[in-house]
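target.csv follows (CSV, C-alpha atoms):
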chain,number,residue,atom,x,y,z
R,621,MET,CA,-11.8,-16.6,4.8
R,622,GLU,CA,-10.4,-13.7,6.7
R,623,ALA,CA,-12.2,-12.3,9.7
R,624,VAL,CA,-14.4,-9.4,8.8
R,625,ALA,CA,-12.7,-7.0,11.2
R,626,ALA,CA,-9.1,-7.9,10.0
R,627,ILE,CA,-7.1,-4.8,9.3
R,628,PRO,CA,-6.8,-4.5,5.5
R,629,PRO,CA,-3.6,-3.6,3.7
R,630,PHE,CA,-3.2,0.1,3.8
R,631,GLU,CA,-3.2,0.3,0.0
R,632,ARG,CA,-6.8,-1.1,0.0
R,633,PHE,CA,-8.0,1.3,2.8
R,634,TYR,CA,-6.3,4.2,0.9
R,635,GLU,CA,-7.8,3.3,-2.4
R,636,GLU,CA,-11.3,3.0,-0.9
R,637,ARG,CA,-11.2,6.3,1.0
R,638,LYS,CA,-8.9,8.7,-0.9
R,639,ASP,CA,-11.5,10.2,-3.2
R,640,GLU,CA,-14.1,10.7,-0.6
R,641,ILE,CA,-11.7,12.2,1.9
R,642,PHE,CA,-10.2,14.5,-0.8
R,643,GLY,CA,-13.8,15.7,-1.6
R,644,TYR,CA,-14.5,16.3,2.0
R,645,LEU,CA,-11.4,18.3,2.6
R,646,ALA,CA,-12.0,20.3,-0.6
R,647,ARG,CA,-15.5,21.2,0.8
R,648,LEU,CA,-14.1,22.2,4.1
R,649,LEU,CA,-11.0,24.0,3.0
R,650,GLY,CA,-11.2,24.8,-0.7
R,651,ARG,CA,-9.4,23.0,-3.4
R,652,ASP,CA,-5.9,24.5,-2.9
R,653,ALA,CA,-5.6,23.9,0.8
R,654,ALA,CA,-7.1,20.5,0.4
R,655,ASP,CA,-3.9,19.2,-1.3
R,656,ASP,CA,-1.7,19.6,1.8
R,657,ALA,CA,-4.5,18.5,4.2
R,658,PHE,CA,-5.0,15.4,2.1
R,659,GLN,CA,-1.4,14.4,2.4
R,660,GLU,CA,-1.3,15.2,6.1
R,661,THR,CA,-4.5,13.2,6.7
R,662,PHE,CA,-3.2,10.0,5.2
R,663,LEU,CA,0.3,10.4,6.7
R,664,ARG,CA,-1.4,10.6,10.1
R,665,ALA,CA,-3.5,7.6,9.2
R,666,LEU,CA,-0.3,5.7,8.4
R,667,ARG,CA,1.3,6.7,11.7
R,668,GLY,CA,-1.7,5.3,13.5
R,669,TYR,CA,-2.4,2.3,11.3
R,670,GLY,CA,0.1,0.0,12.9
R,671,LYS,CA,-1.6,0.6,16.3
R,672,LEU,CA,-5.1,-0.3,15.1
R,673,GLU,CA,-6.5,-3.4,16.9
R,674,HIS,CA,-9.2,-4.1,14.3
R,675,GLY,CA,-10.5,-3.0,10.9
R,676,ARG,CA,-13.9,-1.8,12.0
R,677,HIS,CA,-15.1,1.8,11.6
R,678,LEU,CA,-12.2,2.7,9.3
R,679,ARG,CA,-14.4,5.1,7.3
R,680,ALA,CA,-15.3,7.1,10.3
R,681,TRP,CA,-11.7,6.9,11.5
R,682,ALA,CA,-10.6,8.4,8.2
R,683,PHE,CA,-13.1,11.2,8.5
R,684,THR,CA,-12.0,11.8,12.1
R,685,ILE,CA,-8.4,12.4,11.1
R,686,ALA,CA,-9.4,14.5,8.1
R,687,THR,CA,-11.7,16.6,10.3
R,688,ARG,CA,-8.9,17.3,12.8
R,689,VAL,CA,-6.4,18.2,10.1
R,690,ALA,CA,-9.0,20.5,8.5
R,691,VAL,CA,-9.8,22.2,11.9
R,692,ASP,CA,-6.1,22.7,12.6
R,693,GLU,CA,-5.7,24.1,9.1
R,694,ARG,CA,-8.6,26.5,9.4
R,695,ARG,CA,-7.2,27.8,12.7
R,696,LYS,CA,-4.1,28.9,10.9
R,697,PRO,CA,-4.2,32.7,10.4
R,698,SER,CA,-3.7,32.5,6.6
R,699,ALA,CA,-6.4,29.8,6.1
R,700,SER,CA,-9.3,32.2,5.7
R,701,ALA,CA,-7.5,34.5,3.3
R,702,GLU,CA,-9.3,33.1,0.2
R,703,PRO,CA,-12.8,31.9,0.1
R,704,PRO,CA,-13.0,28.2,-0.7
R,705,GLU,CA,-14.1,27.1,-4.2
R,706,ILE,CA,-17.4,25.3,-4.3
R,707,PRO,CA,-17.2,21.9,-6.1
R,708,VAL,CA,-20.0,21.7,-8.7
R,709,ASP,CA,-20.2,17.9,-9.0
R,710,ASP,CA,-21.9,17.2,-5.8
R,711,GLU,CA,-24.9,14.9,-6.1
R,712,ARG,CA,-26.4,15.4,-2.7
R,713,PRO,CA,-29.1,18.0,-3.3
R,714,ALA,CA,-30.1,18.8,0.2
R,715,TYR,CA,-26.5,19.3,1.2
R,716,ALA,CA,-25.7,21.2,-2.0
R,717,GLU,CA,-28.2,23.9,-1.0
R,718,LEU,CA,-26.5,24.3,2.3
R,719,GLN,CA,-23.0,24.1,1.1
R,720,HIS,CA,-22.3,27.7,0.1
R,721,LEU,CA,-23.6,28.8,3.5
R,722,ALA,CA,-21.7,26.2,5.4
R,723,ASP,CA,-18.5,27.8,4.3
R,724,GLN,CA,-19.2,30.6,6.8
R,725,LEU,CA,-19.7,28.5,9.8
R,726,PRO,CA,-17.1,28.1,12.6
R,727,PRO,CA,-14.9,25.0,11.9
R,728,THR,CA,-16.5,22.6,14.4
R,729,GLU,CA,-20.1,23.4,13.4
R,730,ARG,CA,-19.1,23.3,9.8
R,731,ALA,CA,-17.5,19.8,10.1
R,732,ALA,CA,-20.5,18.6,12.0
R,733,VAL,CA,-22.9,19.8,9.4
R,734,VAL,CA,-20.8,18.5,6.5
R,735,LEU,CA,-20.3,15.0,8.1
R,736,ARG,CA,-24.0,14.7,9.0
R,737,TYR,CA,-25.7,16.0,5.8
R,738,GLY,CA,-22.9,15.5,3.3
R,739,TYR,CA,-21.6,12.0,4.3
R,740,ASP,CA,-24.4,10.5,6.5
R,741,LEU,CA,-22.1,9.8,9.4
R,742,SER,CA,-23.7,9.0,12.7
R,743,TYR,CA,-23.5,11.4,15.6
R,744,ASP,CA,-21.3,8.8,17.4
R,745,ASP,CA,-18.9,8.9,14.6
R,746,ILE,CA,-19.1,12.7,14.3
R,747,GLY,CA,-18.5,13.0,18.0
R,748,ALA,CA,-15.4,10.9,17.6
R,749,ALA,CA,-14.2,13.0,14.7
R,750,LEU,CA,-14.6,16.2,16.7
R,751,GLY,CA,-13.2,14.8,19.8
R,752,SER,CA,-16.4,15.2,21.7
R,753,SER,CA,-19.5,13.2,22.6
R,754,ALA,CA,-22.4,12.3,20.3
R,755,GLU,CA,-24.6,14.8,22.1
R,756,ALA,CA,-22.0,17.6,21.5
R,757,ALA,CA,-21.8,16.6,17.9
R,758,ARG,CA,-25.6,16.7,17.6
R,759,ALA,CA,-25.6,20.1,19.3
R,760,ALA,CA,-22.9,21.4,16.9
R,761,ALA,CA,-24.8,20.2,13.9
R,762,SER,CA,-28.1,21.7,15.0
R,763,SER,CA,-26.5,24.9,16.0
R,764,GLY,CA,-24.8,25.0,12.6
R,765,VAL,CA,-28.1,24.4,10.9
R,766,ARG,CA,-29.9,27.1,13.0
R,767,ARG,CA,-27.2,29.5,12.1
R,768,LEU,CA,-27.6,28.6,8.4
R,769,ARG,CA,-31.3,29.2,8.6
R,770,ARG,CA,-30.8,32.6,10.0
R,771,LYS,CA,-28.3,33.4,7.2
R,772,GLU,CA,-30.7,32.1,4.6
R,773,THR,CA,-33.6,34.2,5.9
R,774,SER,CA,-31.6,37.3,6.6
W,11,MET,CA,-17.4,12.4,-6.9
W,12,THR,CA,-14.3,14.4,-6.7
W,13,SER,CA,-11.2,12.3,-7.3
W,14,VAL,CA,-7.7,12.8,-6.2
W,15,PRO,CA,-5.4,14.3,-8.8
W,16,ASP,CA,-2.7,11.8,-10.0
W,17,GLU,CA,0.0,14.2,-9.0
W,18,LEU,CA,-1.3,14.5,-5.4
W,19,ASP,CA,-1.7,10.7,-5.2
W,20,ARG,CA,1.9,10.2,-6.3
W,21,ARG,CA,3.1,12.9,-3.9
W,22,PHE,CA,1.5,11.1,-1.0
W,23,ARG,CA,2.9,7.7,-2.0
W,24,ASP,CA,6.4,9.2,-2.2
W,25,ALA,CA,6.0,11.1,1.1
W,26,ALA,CA,4.8,7.9,2.9
W,27,ALA,CA,7.8,6.0,1.8
W,28,SER,CA,10.4,8.7,2.5
W,29,ALA,CA,8.9,9.3,5.9
W,30,GLY,CA,9.7,5.6,6.7
W,31,LEU,CA,6.0,4.9,7.5
W,32,LEU,CA,5.7,1.7,5.4
W,33,ASP,CA,6.1,-1.9,6.3
W,34,VAL,CA,6.2,-2.7,2.6
W,35,ALA,CA,6.4,-0.6,-0.6
W,36,TYR,CA,5.5,-2.4,-3.8
W,37,ASP,CA,5.2,-1.6,-7.5
W,38,TYR,CA,5.1,-3.3,-10.9
W,39,THR,CA,7.9,-3.6,-13.4
W,40,ASP,CA,8.0,-4.9,-16.9
W,41,SER,CA,10.5,-7.7,-17.9
W,42,PRO,CA,11.1,-10.1,-20.8
W,43,ILE,CA,9.3,-12.7,-18.8
W,44,GLY,CA,6.2,-10.6,-18.1
W,45,ARG,CA,5.0,-8.0,-15.7
W,46,LEU,CA,6.4,-8.5,-12.2
W,47,LEU,CA,5.2,-7.3,-8.8
W,48,VAL,CA,8.2,-6.2,-6.7
W,49,ALA,CA,8.1,-5.3,-3.1
W,50,THR,CA,10.6,-4.2,-0.5
W,51,SER,CA,10.4,-4.1,3.3
W,52,GLU,CA,12.5,-1.9,5.4
W,53,ARG,CA,15.1,-4.7,5.5
W,54,GLY,CA,15.2,-5.4,1.8
W,55,LEU,CA,13.6,-7.0,-1.3
W,56,CYS,CA,10.9,-9.3,0.0
W,57,ARG,CA,8.8,-10.3,-3.0
W,58,ILE,CA,9.0,-10.8,-6.8
W,59,SER,CA,5.8,-12.2,-8.2
W,60,PHE,CA,5.1,-13.6,-11.7
W,61,ASP,CA,1.5,-13.1,-13.0
W,62,PRO,CA,0.7,-11.2,-9.8
W,63,ASP,CA,-2.8,-11.3,-8.4
W,64,PRO,CA,-2.7,-7.9,-6.6
W,65,GLU,CA,-5.3,-8.7,-3.9
W,66,ARG,CA,-3.6,-12.0,-2.9
W,67,GLU,CA,-0.2,-10.3,-2.9
W,68,LEU,CA,-1.4,-7.5,-0.7
W,69,ASP,CA,-2.9,-10.0,1.8
W,70,TRP,CA,0.3,-12.1,1.8
W,71,LEU,CA,2.5,-9.0,2.4
W,72,THR,CA,0.2,-7.8,5.2
W,73,THR,CA,0.4,-11.1,6.9
W,74,ALA,CA,4.1,-11.5,6.5
W,75,PHE,CA,5.3,-7.9,7.2
W,76,GLY,CA,2.5,-5.8,8.6
W,77,ALA,CA,-0.5,-3.9,7.2
W,78,ARG,CA,1.2,-0.7,6.2
W,79,VAL,CA,1.6,-1.9,2.6
W,80,LEU,CA,1.4,0.8,-0.1
W,81,ARG,CA,2.2,1.0,-3.8
W,82,SER,CA,5.1,3.5,-4.1
W,83,ALA,CA,7.4,3.6,-7.1
W,84,ARG,CA,10.6,5.2,-5.7
W,85,PRO,CA,11.7,2.7,-3.1
W,86,LEU,CA,11.7,0.1,-5.9
W,87,ASP,CA,14.0,2.1,-8.2
W,88,PRO,CA,17.1,0.0,-7.3
W,89,VAL,CA,15.3,-3.3,-7.7
W,90,ARG,CA,13.9,-2.2,-11.1
W,91,ARG,CA,17.4,-1.0,-12.2
W,92,GLU,CA,19.2,-4.3,-11.2
W,93,LEU,CA,16.5,-6.4,-12.8
W,94,ASP,CA,16.8,-4.4,-16.0
W,95,GLU,CA,20.6,-4.9,-16.0
W,96,TYR,CA,20.2,-8.6,-15.3
W,97,PHE,CA,17.8,-9.1,-18.2
W,98,GLU,CA,20.1,-7.1,-20.5
W,99,GLY,CA,22.8,-9.6,-19.6
W,100,GLY,CA,25.0,-6.9,-17.9
W,101,ARG,CA,24.5,-8.1,-14.4
W,102,HIS,CA,25.6,-11.5,-13.0
W,103,GLU,CA,25.1,-10.8,-9.4
W,104,PHE,CA,22.5,-8.8,-7.5
W,105,ASP,CA,23.7,-6.3,-4.9
W,106,LEU,CA,20.2,-6.1,-3.4
W,107,THR,CA,19.6,-7.2,0.2
W,108,VAL,CA,16.9,-9.8,0.4
W,109,ASP,CA,14.5,-10.0,3.4
W,110,LEU,CA,13.6,-13.6,4.1
W,111,THR,CA,12.7,-13.0,7.8
W,112,PRO,CA,9.1,-14.2,7.7
W,113,LEU,CA,10.0,-17.6,6.3
W,114,PRO,CA,10.4,-20.8,8.3
W,115,HIS,CA,14.0,-21.6,9.4
W,116,PHE,CA,14.5,-24.5,6.9
W,117,GLN,CA,13.3,-22.6,3.9
W,118,ARG,CA,15.6,-19.7,4.8
W,119,GLU,CA,18.5,-22.0,5.1
W,120,VAL,CA,17.8,-23.5,1.7
W,121,LEU,CA,17.3,-20.1,0.0
W,122,GLU,CA,20.5,-18.7,1.6
W,123,GLU,CA,22.5,-21.6,0.3
W,124,LEU,CA,20.9,-21.3,-3.1
W,125,GLY,CA,22.3,-17.8,-3.3
W,126,ARG,CA,25.8,-19.4,-3.6
W,127,VAL,CA,25.0,-21.1,-6.9
W,128,PRO,CA,26.7,-18.8,-9.3
W,129,TYR,CA,25.3,-17.2,-12.5
W,130,GLY,CA,25.2,-19.6,-15.4
W,131,HIS,CA,25.6,-22.7,-13.3
W,132,VAL,CA,23.1,-25.2,-12.2
W,133,ASP,CA,22.8,-27.6,-9.2
W,134,THR,CA,20.4,-30.3,-8.3
W,135,TYR,CA,17.8,-30.6,-5.5
W,136,GLY,CA,19.9,-33.4,-4.0
W,137,GLY,CA,23.1,-31.3,-4.4
W,138,LEU,CA,21.5,-28.4,-2.5
W,139,ALA,CA,20.2,-30.8,0.2
W,140,LYS,CA,23.8,-32.1,0.7
W,141,ARG,CA,25.2,-28.6,0.8
W,142,ILE,CA,23.0,-27.7,3.8
W,143,GLY,CA,24.0,-31.0,5.5
W,144,LYS,CA,20.6,-32.7,4.9
W,145,PRO,CA,21.3,-35.1,2.1
W,146,GLN,CA,18.0,-36.9,2.6
W,147,ALA,CA,16.0,-33.7,2.2
W,148,ALA,CA,15.9,-33.3,-1.6
W,149,ARG,CA,12.1,-33.4,-1.7
W,150,ALA,CA,11.8,-30.8,1.1
W,151,VAL,CA,14.3,-28.6,-0.7
W,152,GLY,CA,12.1,-28.8,-3.7
W,153,GLY,CA,9.2,-27.6,-1.6
W,154,ALA,CA,11.2,-24.7,-0.2
W,155,LEU,CA,12.3,-23.6,-3.7
W,156,ASN,CA,8.7,-23.8,-5.0
W,157,ARG,CA,7.6,-21.3,-2.4
W,158,ASN,CA,10.6,-19.0,-2.9
W,159,PRO,CA,9.1,-15.5,-2.4
W,160,VAL,CA,12.0,-13.8,-4.3
W,161,PRO,CA,12.6,-15.7,-7.5
W,162,ILE,CA,15.2,-14.5,-10.1
W,163,VAL,CA,17.2,-12.7,-7.4
W,164,VAL,CA,17.2,-15.8,-5.2
W,165,PRO,CA,18.0,-18.0,-8.2
W,166,CYS,CA,15.8,-21.1,-7.8
W,167,HIS,CA,15.8,-21.4,-11.6
W,168,ARG,CA,19.4,-22.7,-11.2
W,169,ILE,CA,18.2,-25.9,-9.5
W,170,VAL,CA,17.3,-28.8,-11.9
W,171,GLY,CA,16.6,-32.5,-11.6
W,172,ALA,CA,19.3,-35.1,-11.1
W,173,SER,CA,19.0,-36.1,-14.8
W,174,GLY,CA,19.5,-32.4,-15.9
W,175,SER,CA,15.8,-32.0,-16.7
W,176,LEU,CA,14.2,-28.7,-15.8
W,177,THR,CA,11.7,-30.5,-13.5
W,178,GLY,CA,9.6,-27.6,-12.2
W,179,TYR,CA,9.3,-23.9,-11.6
W,180,ALA,CA,6.7,-21.9,-9.7
W,181,GLY,CA,6.7,-19.3,-12.5
W,182,GLY,CA,6.4,-22.0,-15.2
W,183,LEU,CA,9.0,-24.0,-17.0
W,184,GLU,CA,9.1,-21.6,-19.9
W,185,ARG,CA,10.4,-18.9,-17.7
W,186,LYS,CA,12.9,-21.2,-16.1
W,187,GLU,CA,14.2,-22.0,-19.5
W,188,THR,CA,14.4,-18.4,-20.5
W,189,LEU,CA,16.3,-17.4,-17.4
W,190,LEU,CA,18.8,-20.3,-17.8
W,191,GLY,CA,19.2,-19.4,-21.5
W,192,LEU,CA,19.8,-15.8,-20.7
W,193,GLU,CA,22.6,-16.9,-18.3
W,194,GLY,CA,24.0,-19.3,-20.9
W,195,ALA,CA,23.7,-22.2,-18.6
W,196,ILE,CA,24.4,-25.5,-20.3
W,197,LEU,CA,21.9,-28.2,-19.6
W,198,ALA,CA,22.8,-31.9,-19.9
W,199,GLY,CA,20.3,-34.1,-21.8
The structure given in the file should be rewritten as structure tokens.
Amino acid sequence: MEAVAAIPPFERFYEERKDEIFGYLARLLGRDAADDAFQETFLRALRGYGKLEHGRHLRAWAFTIATRVAVDERRKPSASAEPPEIPVDDERPAYAELQHLADQLPPTERAAVVLRYGYDLSYDDIGAALGSSAEAARAAASSGVRRLRRKETS
Amino acid sequence: MTSVPDELDRRFRDAAASAGLLDVAYDYTDSPIGRLLVATSERGLCRISFDPDPERELDWLTTAFGARVLRSARPLDPVRRELDEYFEGGRHEFDLTVDLTPLPHFQREVLEELGRVPYGHVDTYGGLAKRIGKPQAARAVGGALNRNPVPIVVPCHRIVGASGSLTGYAGGLERKETLLGLEGAILAG
């Protein structure tokens, strides 16, 4: 038996995470921009993979990298030229209602809202993904949600 | 759930290999003796597996070479080509570099010496033991051959028992017979 926290072969990690990460990037960036961001996310993951000390929290780690790639991508001047497509096959009802509104949030708030309500990540993990504290992640998510409520009612 | 388009998946696997980010690239290839898993490290061909159990192979490759193991077709193109040529009878020597670095010293010594047994010829366990200067070690030589990670290319099928009988083969005697038949090796007895 291998230790639970052993680092799995990259192939296994990639196969387990690729669809979820692709879906996440498509939500954040739209289907077209998601292609490049997907490749960049897993290339970055590979670059870091040899330096991992254990195999814990790999899911959150993958979201962290994807979030940073997406935030970089959205800061590019051309990134907002076309509104992202909305995937229709999402089975998370509460989140699906928010989704079309979340597109209009600033990148950090948007990532916080999507990770919290779309993927059930903890605020610790979201903080790590955003390069901030859990408190800052919670603040970004609730500020995002407040902003969405204002949009909904306005 | 959204799934990654095949084209994008392939593009990433290619990019990962051409960026030099992998410890091992592997793929599958068909051959007359069944589907083979083939793998290459940055130093060379490091695995050919009969009847591969993918999960076990991935774990072994990770332990031996590092965790950055990914299926990627392109780095295996030369291996696939040389194996095809060999099975068509057109290739008698492999130009592939073989990576035996994770193996214990004795096993490497045996496998390197084994590489000198030419196409279409056979030698015995005892003969190979003598050639590495350890005439008493025929049994240990057998063990080293049995765990050969790169069969076919490192030709452990060319080693037979003292009586000329096929004795054993990790991939099964039928495969050993097929390979020796392909090479036109003449077996005594």
Counting only C-alpha atoms, what is within 12 Å of R:Ile627, bar same-chain residues fewer than 5 positions away, as a list in words?
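The residues that qualify are Glu622, Arg632, Phe633, Tyr669, Gly670, Lys671, Leu672, Glu673, His674, Gly675, Arg676, His677 and Leu678 of chain R; Leu68, Asp69, Thr72, Thr73, Gly76, Ala77, Arg78 and Val79 of chain W.
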Can you check which residues of chain W have any atom within 12 Å of chain R? Use all atoms listed in the file and format it as a PyMOL selection string.
chain W and resi 11-37+64-82
Just C-alpha atoms for this one: save the residues we selected as an mmCIF file, keeping the file's coordinate frame.
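Below is the file result.cif, written as the result:
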data_model
loop_
_atom_site.group_PDB
_atom_site.id
_atom_site.type_symbol
_atom_site.label_atom_id
_atom_site.label_comp_id
_atom_site.auth_asym_id
_atom_site.auth_seq_id
_atom_site.Cartn_x
_atom_site.Cartn_y
_atom_site.Cartn_z
ATOM 1 C CA MET W 11 -17.400 12.400 -6.900
ATOM 2 C CA THR W 12 -14.300 14.400 -6.700
ATOM 3 C CA SER W 13 -11.200 12.300 -7.300
ATOM 4 C CA VAL W 14 -7.700 12.800 -6.200
ATOM 5 C CA PRO W 15 -5.400 14.300 -8.800
ATOM 6 C CA ASP W 16 -2.700 11.800 -10.000
ATOM 7 C CA GLU W 17 0.000 14.200 -9.000
ATOM 8 C CA LEU W 18 -1.300 14.500 -5.400
ATOM 9 C CA ASP W 19 -1.700 10.700 -5.200
ATOM 10 C CA ARG W 20 1.900 10.200 -6.300
ATOM 11 C CA ARG W 21 3.100 12.900 -3.900
ATOM 12 C CA PHE W 22 1.500 11.100 -1.000
ATOM 13 C CA ARG W 23 2.900 7.700 -2.000
ATOM 14 C CA ASP W 24 6.400 9.200 -2.200
ATOM 15 C CA ALA W 25 6.000 11.100 1.100
ATOM 16 C CA ALA W 26 4.800 7.900 2.900
ATOM 17 C CA ALA W 27 7.800 6.000 1.800
ATOM 18 C CA SER W 28 10.400 8.700 2.500
ATOM 19 C CA ALA W 29 8.900 9.300 5.900
ATOM 20 C CA GLY W 30 9.700 5.600 6.700
ATOM 21 C CA LEU W 31 6.000 4.900 7.500
ATOM 22 C CA LEU W 32 5.700 1.700 5.400
ATOM 23 C CA ASP W 33 6.100 -1.900 6.300
ATOM 24 C CA VAL W 34 6.200 -2.700 2.600
ATOM 25 C CA ALA W 35 6.400 -0.600 -0.600
ATOM 26 C CA TYR W 36 5.500 -2.400 -3.800
ATOM 27 C CA ASP W 37 5.200 -1.600 -7.500
ATOM 28 C CA PRO W 64 -2.700 -7.900 -6.600
ATOM 29 C CA GLU W 65 -5.300 -8.700 -3.900
ATOM 30 C CA ARG W 66 -3.600 -12.000 -2.900
ATOM 31 C CA GLU W 67 -0.200 -10.300 -2.900
ATOM 32 C CA LEU W 68 -1.400 -7.500 -0.700
ATOM 33 C CA ASP W 69 -2.900 -10.000 1.800
ATOM 34 C CA TRP W 70 0.300 -12.100 1.800
ATOM 35 C CA LEU W 71 2.500 -9.000 2.400
ATOM 36 C CA THR W 72 0.200 -7.800 5.200
ATOM 37 C CA THR W 73 0.400 -11.100 6.900
ATOM 38 C CA ALA W 74 4.100 -11.500 6.500
ATOM 39 C CA PHE W 75 5.300 -7.900 7.200
ATOM 40 C CA GLY W 76 2.500 -5.800 8.600
ATOM 41 C CA ALA W 77 -0.500 -3.900 7.200
ATOM 42 C CA ARG W 78 1.200 -0.700 6.200
ATOM 43 C CA VAL W 79 1.600 -1.900 2.600
ATOM 44 C CA LEU W 80 1.400 0.800 -0.100
ATOM 45 C CA ARG W 81 2.200 1.000 -3.800
ATOM 46 C CA SER W 82 5.100 3.500 -4.100
#
Tell me, as a count of residues only, which residues lie within 8 Å of R:Val689, counting only C-alpha atoms; anything in the same chain fewer than 3 positions away does not count.
7
Can you tell me, as a VMD selection string, what residues are no more than 7 Å from stretch 725-730 of chain R when counting all atoms listed in the file, ignoring any on the same chain fewer than 5 positions away?
chain R and resid 691 694 760 to 761 764
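Going from atom CA of R:Val765 to atom CA of R:Leu735 covers 12.5 Å.
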I need every residue sitting at most 9 Å from the point (14.7, -16.5, -11.0) (coordinates as in the file, all atoms listed in the file considered), written as a list in words.
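All residues meeting the 9 Å criterion around (14.7, -16.5, -11.0) are Val160, Pro161, Ile162, Val163, Val164, Pro165, Cys166, His167, Arg168, Gly181, Arg185, Lys186, Leu189 and Leu190 of chain W.
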File of the preceding selection, C-alpha atoms, as a tab-separated table (two decimals), in the coordinates of the input:
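Result saved to result_35.tsv:
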chain	number	residue	atom	x	y	z
W	160	VAL	CA	12.00	-13.80	-4.30
W	161	PRO	CA	12.60	-15.70	-7.50
W	162	ILE	CA	15.20	-14.50	-10.10
W	163	VAL	CA	17.20	-12.70	-7.40
W	164	VAL	CA	17.20	-15.80	-5.20
W	165	PRO	CA	18.00	-18.00	-8.20
W	166	CYS	CA	15.80	-21.10	-7.80
W	167	HIS	CA	15.80	-21.40	-11.60
W	168	ARG	CA	19.40	-22.70	-11.20
W	181	GLY	CA	6.70	-19.30	-12.50
W	185	ARG	CA	10.40	-18.90	-17.70
W	186	LYS	CA	12.90	-21.20	-16.10
W	189	LEU	CA	16.30	-17.40	-17.40
W	190	LEU	CA	18.80	-20.30	-17.80
Best match for closeness to R:Leu741 among R:Leu649, R:Ala722, R:Ala654, R:Ala680, counting only C-alpha atoms
R:Ala680
In Å, rounded to a single decimal, give me how far atom CA of W:Asp87 is from atom CA of W:Tyr38.
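Going from atom CA of W:Tyr38 over to atom CA of W:Asp87, I get 10.8 Å.
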Distance in Å - atom CA of W:Thr188 versus atom CA of W:Ile43:
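Atom CA of W:Ile43 lies at a distance of 7.8 Å from atom CA of W:Thr188.
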Given the choices W:Asp109, W:Glu103, W:Glu187, W:Asp94, which gets closest to W:Gly125 if the distance is worked out from all atoms listed in the file?
W:Glu103
May I have the residues within 12 Å of R:Asp740 as a short mmCIF file (atom, residue, chain, number, x, y, z; two decimals) with C-alpha atoms, keeping the file's coordinate frame, using only C-alpha atoms and disregarding those fewer than 2 positions away in the same chain?
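Listed below is the output, part.cif:
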data_model
loop_
_atom_site.label_atom_id
_atom_site.label_comp_id
_atom_site.auth_asym_id
_atom_site.auth_seq_id
_atom_site.Cartn_x
_atom_site.Cartn_y
_atom_site.Cartn_z
CA ARG R 679 -14.40 5.10 7.30
CA ALA R 680 -15.30 7.10 10.30
CA PHE R 683 -13.10 11.20 8.50
CA ARG R 712 -26.40 15.40 -2.70
CA ALA R 714 -30.10 18.80 0.20
CA TYR R 715 -26.50 19.30 1.20
CA ALA R 732 -20.50 18.60 12.00
CA VAL R 733 -22.90 19.80 9.40
CA VAL R 734 -20.80 18.50 6.50
CA LEU R 735 -20.30 15.00 8.10
CA ARG R 736 -24.00 14.70 9.00
CA TYR R 737 -25.70 16.00 5.80
CA GLY R 738 -22.90 15.50 3.30
CA SER R 742 -23.70 9.00 12.70
CA TYR R 743 -23.50 11.40 15.60
CA ASP R 744 -21.30 8.80 17.40
CA ASP R 745 -18.90 8.90 14.60
CA ILE R 746 -19.10 12.70 14.30
#
